[in-house]
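Data block for model.cif (mmCIF, C-alpha atoms):
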```
data_final
loop_
_atom_site.label_atom_id
_atom_site.label_comp_id
_atom_site.auth_asym_id
_atom_site.auth_seq_id
_atom_site.Cartn_x
_atom_site.Cartn_y
_atom_site.Cartn_z
CA MET A 1 -5.29 -12.67 0.09
CA THR A 2 -7.17 -11.01 -2.74
CA LYS A 3 -9.78 -8.26 -2.75
CA SER A 4 -12.60 -10.80 -3.14
CA GLU A 5 -11.27 -12.86 -0.22
CA LEU A 6 -11.14 -9.70 1.89
CA ILE A 7 -14.76 -8.93 0.95
CA ALA A 8 -15.82 -12.51 1.74
CA GLU A 9 -14.14 -12.40 5.18
CA LEU A 10 -15.72 -9.07 5.96
CA ALA A 11 -19.14 -10.30 4.89
CA ALA A 12 -18.75 -13.43 7.05
CA THR A 13 -17.84 -11.45 10.17
CA ASN A 14 -20.52 -8.80 9.59
CA PRO A 15 -23.66 -10.82 8.74
CA HIS A 16 -25.90 -7.79 9.34
CA LEU A 17 -24.42 -6.02 6.28
CA ARG A 18 -25.63 -6.61 2.75
CA GLY A 19 -23.06 -8.13 0.41
CA ALA A 20 -23.32 -5.13 -1.89
CA ASP A 21 -22.52 -2.81 1.02
CA VAL A 22 -19.44 -4.80 1.99
CA GLU A 23 -18.20 -4.55 -1.60
CA LEU A 24 -18.92 -0.83 -1.61
CA ILE A 25 -17.01 -0.30 1.64
CA VAL A 26 -13.91 -2.02 0.30
CA ALA A 27 -14.17 -0.26 -3.08
CA THR A 28 -14.65 3.11 -1.36
CA ILE A 29 -11.48 2.71 0.68
CA PHE A 30 -9.23 1.92 -2.27
CA ASP A 31 -10.99 4.42 -4.57
CA GLN A 32 -10.45 7.19 -2.04
CA ILE A 33 -6.77 6.37 -1.68
CA THR A 34 -6.42 6.28 -5.48
CA GLY A 35 -8.27 9.60 -5.85
CA ALA A 36 -6.11 11.32 -3.26
CA LEU A 37 -2.92 10.12 -4.96
CA ALA A 38 -4.28 11.21 -8.35
CA ARG A 39 -4.72 14.71 -6.87
CA GLY A 40 -1.12 14.56 -5.65
CA GLU A 41 -2.17 14.26 -2.01
CA ARG A 42 -0.75 11.88 0.55
CA VAL A 43 -2.74 9.34 2.55
CA GLU A 44 -1.56 8.64 6.06
CA LEU A 45 -3.03 5.78 8.06
CA ARG A 46 -1.20 5.67 11.40
CA GLY A 47 0.02 2.22 12.35
CA PHE A 48 -0.61 0.94 8.83
CA GLY A 49 1.39 3.19 6.56
CA ALA A 50 1.44 6.15 4.22
CA PHE A 51 0.77 6.35 0.50
CA THR A 52 2.57 9.14 -1.33
CA VAL A 53 3.41 10.08 -4.89
CA LYS A 54 7.05 10.32 -5.90
CA ARG A 55 8.32 12.21 -8.94
CA ARG A 56 10.73 10.55 -11.30
CA ASN A 57 12.73 12.87 -13.55
CA ALA A 58 12.83 12.45 -17.29
CA ARG A 59 15.75 10.29 -18.35
CA THR A 60 17.18 8.59 -21.36
CA GLY A 61 16.32 4.94 -21.24
CA ARG A 62 17.50 2.20 -23.47
CA ASN A 63 15.65 -0.47 -25.35
CA PRO A 64 17.32 -3.54 -23.80
CA ARG A 65 16.84 -5.55 -26.95
CA THR A 66 18.24 -3.13 -29.50
CA GLY A 67 20.38 -0.90 -27.26
CA GLU A 68 18.67 2.10 -28.83
CA ALA A 69 18.31 5.25 -26.65
CA VAL A 70 14.69 6.16 -25.88
CA PRO A 71 13.59 9.29 -24.03
CA VAL A 72 11.56 8.48 -20.89
CA ASP A 73 9.30 11.34 -19.79
CA GLU A 74 9.06 12.66 -16.26
CA LYS A 75 6.50 10.63 -14.34
CA ALA A 76 4.84 10.17 -10.99
CA VAL A 77 4.88 6.84 -9.16
CA PRO A 78 2.70 5.75 -6.23
CA PHE A 79 4.73 4.78 -3.17
CA PHE A 80 3.80 3.04 0.07
CA LYS A 81 5.82 3.18 3.26
CA ALA A 82 4.70 0.81 6.00
CA GLY A 83 4.01 2.38 9.38
CA LYS A 84 6.04 1.37 12.40
CA GLU A 85 3.43 -0.95 13.84
CA LEU A 86 2.88 -2.84 10.58
CA ARG A 87 6.62 -2.97 9.88
CA ASP A 88 7.20 -4.55 13.29
CA ARG A 89 4.34 -7.00 12.86
CA VAL A 90 5.60 -8.14 9.45
CA ASN A 91 9.07 -8.62 10.87
CA ARG A 92 7.90 -10.39 14.00
CA GLY A 93 8.58 -14.06 14.49
CA VAL A 94 11.59 -14.24 12.21
CA ARG A 95 14.41 -16.07 13.98
CA GLY A 96 17.21 -13.69 14.87
CA ALA A 97 15.30 -10.57 13.89
CA ARG A 98 14.77 -7.73 16.30
CA GLY A 99 11.44 -7.20 18.11
CA MET B 1 0.09 19.40 0.92
CA GLN B 2 -3.28 17.94 1.87
CA THR B 3 -3.18 14.66 3.78
CA VAL B 4 -6.01 12.16 3.72
CA THR B 5 -6.46 10.31 7.01
CA ARG B 6 -8.63 7.60 8.58
CA ALA B 7 -11.20 10.27 9.44
CA HIS B 8 -11.61 11.21 5.76
CA LEU B 9 -11.94 7.59 4.66
CA ALA B 10 -14.43 6.80 7.43
CA GLU B 11 -16.46 9.89 6.49
CA THR B 12 -16.63 8.74 2.86
CA ILE B 13 -17.83 5.29 3.92
CA TYR B 14 -20.43 7.03 6.07
CA THR B 15 -21.76 9.14 3.18
CA GLN B 16 -21.45 6.45 0.47
CA VAL B 17 -22.77 3.42 2.33
CA GLY B 18 -25.11 5.02 4.81
CA LEU B 19 -23.87 3.24 7.92
CA SER B 20 -23.38 5.15 11.17
CA ARG B 21 -20.15 7.16 11.58
CA ASN B 22 -19.07 4.78 14.32
CA GLU B 23 -19.64 1.66 12.29
CA SER B 24 -17.95 3.21 9.25
CA ALA B 25 -14.84 3.91 11.32
CA ASP B 26 -14.93 0.40 12.80
CA LEU B 27 -15.20 -1.24 9.39
CA LEU B 28 -12.27 0.78 8.04
CA GLU B 29 -10.27 -0.41 11.04
CA THR B 30 -11.35 -4.00 10.40
CA VAL B 31 -10.20 -3.78 6.79
CA LEU B 32 -6.78 -2.40 7.77
CA GLU B 33 -6.48 -5.06 10.46
CA ARG B 34 -7.33 -7.89 8.02
CA LEU B 35 -4.71 -6.60 5.58
CA SER B 36 -2.14 -6.30 8.37
CA ALA B 37 -2.88 -9.78 9.73
CA ALA B 38 -2.44 -11.37 6.30
CA LEU B 39 0.87 -9.57 5.79
CA GLU B 40 1.98 -10.52 9.30
CA ALA B 41 1.32 -14.15 8.35
CA GLY B 42 3.66 -13.63 5.40
CA GLU B 43 0.84 -13.67 2.88
CA SER B 44 0.66 -11.34 -0.13
CA VAL B 45 -2.36 -9.08 -0.43
CA LYS B 46 -3.54 -8.49 -3.97
CA ILE B 47 -6.08 -5.73 -4.53
CA SER B 48 -7.03 -5.69 -8.21
CA GLY B 49 -6.99 -2.22 -9.73
CA PHE B 50 -4.90 -0.94 -6.83
CA GLY B 51 -1.77 -2.99 -6.22
CA THR B 52 -0.07 -5.83 -4.40
CA PHE B 53 1.46 -5.77 -0.94
CA SER B 54 4.00 -8.49 -0.40
CA VAL B 55 6.48 -9.53 2.23
CA ARG B 56 10.08 -9.95 1.19
CA GLN B 57 12.69 -11.84 3.15
CA LYS B 58 16.03 -10.06 3.45
CA GLY B 59 19.21 -11.91 4.31
CA ARG B 60 21.88 -10.94 6.83
CA ARG B 61 24.33 -8.31 5.60
CA ILE B 62 27.01 -6.09 7.00
CA GLY B 63 25.99 -2.50 7.38
CA ARG B 64 28.07 0.42 8.53
CA ASN B 65 27.32 3.19 10.97
CA PRO B 66 27.67 6.19 8.66
CA LYS B 67 28.81 8.42 11.50
CA THR B 68 31.52 6.23 13.03
CA GLY B 69 32.34 3.96 10.10
CA GLU B 70 31.88 1.03 12.43
CA GLU B 71 30.65 -2.24 10.93
CA VAL B 72 27.33 -3.51 12.29
CA PRO B 73 25.57 -6.70 11.28
CA ILE B 74 22.08 -6.18 9.85
CA LEU B 75 20.13 -9.26 10.85
CA PRO B 76 17.78 -11.16 8.53
CA ARG B 77 14.42 -9.45 8.43
CA ARG B 78 11.16 -9.28 6.56
CA VAL B 79 10.12 -6.11 4.80
CA LEU B 80 6.89 -5.02 3.20
CA VAL B 81 6.84 -3.93 -0.42
CA PHE B 82 3.97 -2.41 -2.36
CA ARG B 83 3.74 -2.80 -6.10
CA PRO B 84 1.15 -0.44 -7.61
CA SER B 85 -1.10 -1.81 -10.35
CA HIS B 86 -0.87 -0.25 -13.81
CA VAL B 87 -4.32 1.27 -13.18
CA LEU B 88 -3.07 3.14 -10.10
CA LYS B 89 0.12 4.21 -11.88
CA ALA B 90 -1.96 5.58 -14.75
CA ARG B 91 -4.30 7.46 -12.41
CA VAL B 92 -1.39 9.10 -10.63
CA ASN B 93 -0.08 10.23 -14.01
CA GLY B 94 -3.47 11.55 -15.11
CA THR B 95 -3.71 9.04 -17.95
CA SER B 96 -6.97 7.20 -17.46
CA THR B 97 -6.43 4.60 -20.19
CA PRO B 98 -2.88 3.36 -19.94
CA LEU B 99 -1.11 1.90 -22.92
CA ASP B 100 -0.94 -1.49 -21.39
CA ASP B 101 2.62 -2.31 -22.29
CA GLU B 102 3.73 -3.95 -19.09
CA GLU B 103 3.64 -7.47 -17.72
#
```

Could you quickly redo this structure as structure tokens?
Amino acid sequence: MTKSELIAELAATNPHLRGADVELIVATIFDQITGALARGERVELRGFGAFTVKRRNARTGRNPRTGEAVPVDEKAVPFFKAGKELRDRVNRGVRGARG
Amino acid sequence: MQTVTRAHLAETIYTQVGLSRNESADLLETVLERLSAALEAGESVKISGFGTFSVRQKGRRIGRNPKTGEEVPILPRRVLVFRPSHVLKARVNGTSTPLDDEE
């Protein structure tokens, strides 16, 4: 599923909303999550999951082609951890898997 | 640290889109449910400018209870992984125009 498919589904199931509003709703959700992470905040959506920012220390990397050492600066990376409910749903229906 | 929750997101939809608070909260729930249902069906969810959620199949392996040292089988399972887009990575690092050197 892509963002446009999500918007199309939402528009189909909510015919009273204008298309532009449906797009705005979806954009608002992901923009807000992005903004919170950019401010270093965490976003917790119970049952779905939590978005957090993890710090990665500076390290010496290597150019895999030349083998040359390159300094890699400290950086922040967005991280998502699925909530229990979503984790269980994703795992459901696999033969031999728990619950 | 400040935590953003459903209530914050629903409130933003309410102020930005001008729907009722109730409907804003319901629509947020619908979006999360659609995403969850797609992932449950094993489908990837690709949100441009944000990232991709995908389901990865893990094989059976032998784990170990760290306390007792006892071997326990870890059964095959499906796990969810999120791969942030370069736009999101750049935003989190405060660099609005990333040097697009990946992919």

Checklist entry - Which neighbours of range 52-60 of chain A fall inside 6 Å, counting all atoms listed in the file, when residues of the same chain fewer than 3 positions from it are skipped, and could you give them as a count of residues only? => result 11

Need the axis-aligned box for range 24-42 of chain A with 8 Å each side, so what are the centre and edges in Å to one decimal, as AutoDock Vina command-line options?
```
--center_x -9.8 --center_y 6.3 --center_z -3.4 --size_x 34.2 --size_y 32.7 --size_z 26.0
```

Checklist entry - Contacts of range 46-56 of chain B at 7 Å or less, counting all atoms listed in the file, minus same-chain residues fewer than 2 places along, as a list in words? => result Met1, Thr2, Lys3 and Phe30 of chain A; Leu39, Gly42, Glu43, Ser44, Lys58, Arg78, Val79, Leu80, Val81, Phe82, Arg83, Pro84, Ser85, Val87 and Leu88 of chain B

Checklist entry - Closest to chain A among B:Ala37, B:Ala90, B:Val31, B:Val45, using all atoms listed in the file? => result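 For chain A, the nearest of the candidates is B:Val45.
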
Using 8 Å as the limit and counting all atoms listed in the file, can you tabulate each residue of chain A that touches chain B, with its shortest atom-to-atom distance in Å and the two atoms involved, as a Markdown table?
```
| residue | atom | partner | partner_atom | distance |
| --- | --- | --- | --- | --- |
| A:Met1 | CA | B:Val45 | CA | 4.7 |
| A:Thr2 | CA | B:Lys46 | CA | 4.6 |
| A:Lys3 | CA | B:Ile47 | CA | 4.8 |
| A:Leu6 | CA | B:Arg34 | CA | 7.4 |
| A:Leu10 | CA | B:Val31 | CA | 7.7 |
| A:Asp21 | CA | B:Val17 | CA | 6.4 |
| A:Leu24 | CA | B:Val17 | CA | 7.0 |
| A:Ile25 | CA | B:Ile13 | CA | 6.1 |
| A:Val26 | CA | B:Val31 | CA | 7.7 |
| A:Thr28 | CA | B:Ile13 | CA | 6.5 |
| A:Ile29 | CA | B:Leu9 | CA | 6.3 |
| A:Phe30 | CA | B:Phe50 | CA | 6.9 |
| A:Gln32 | CA | B:Leu9 | CA | 6.9 |
| A:Ile33 | CA | B:Val4 | CA | 8.0 |
| A:Thr34 | CA | B:Leu88 | CA | 6.5 |
| A:Gly35 | CA | B:Arg91 | CA | 8.0 |
| A:Ala36 | CA | B:Val4 | CA | 7.0 |
| A:Leu37 | CA | B:Val92 | CA | 6.0 |
| A:Ala38 | CA | B:Val92 | CA | 4.2 |
| A:Arg39 | CA | B:Val92 | CA | 7.5 |
| A:Gly40 | CA | B:Val92 | CA | 7.4 |
| A:Glu41 | CA | B:Gln2 | CA | 5.5 |
| A:Arg42 | CA | B:Thr3 | CA | 4.9 |
| A:Val43 | CA | B:Val4 | CA | 4.5 |
| A:Glu44 | CA | B:Thr5 | CA | 5.3 |
| A:Leu45 | CA | B:Thr5 | CA | 5.8 |
| A:Phe48 | CA | B:Leu32 | CA | 7.1 |
| A:Val53 | CA | B:Val92 | CA | 7.5 |
| A:Lys75 | CA | B:Asn93 | CA | 6.6 |
| A:Ala76 | CA | B:Asn93 | CA | 5.8 |
| A:Val77 | CA | B:Lys89 | CA | 6.1 |
| A:Pro78 | CA | B:Lys89 | CA | 6.4 |
| A:Phe79 | CA | B:Phe82 | CA | 7.3 |
| A:Phe80 | CA | B:Phe82 | CA | 6.0 |
| A:Ala82 | CA | B:Leu80 | CA | 6.8 |
| A:Leu86 | CA | B:Ser36 | CA | 6.5 |
| A:Arg87 | CA | B:Val79 | CA | 6.9 |
| A:Arg89 | CA | B:Glu40 | CA | 5.5 |
| A:Val90 | CA | B:Glu40 | CA | 4.3 |
| A:Asn91 | CA | B:Arg78 | CA | 4.8 |
| A:Arg92 | CA | B:Glu40 | CA | 7.6 |
| A:Val94 | CA | B:Arg77 | CA | 6.7 |
| A:Gly96 | CA | B:Leu75 | CA | 6.7 |
| A:Ala97 | CA | B:Arg77 | CA | 5.6 |
| A:Arg98 | CA | B:Leu75 | CA | 7.8 |
```

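For the atom pair formed by CA of Asp88 in chain A and CA of Gly59 in chain B, the distance is 16.7 Å, given to one decimal.
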
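A straight line drawn from CA of Ala8 in chain A to CA of Lys84 in chain A is 28.0 Å long.
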
Checklist entry - Do you have the CA of Ala50 in chain A-CA of Glu85 in chain A distance handy? => result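 Rounded to one decimal, the two atoms are 12.1 Å apart.
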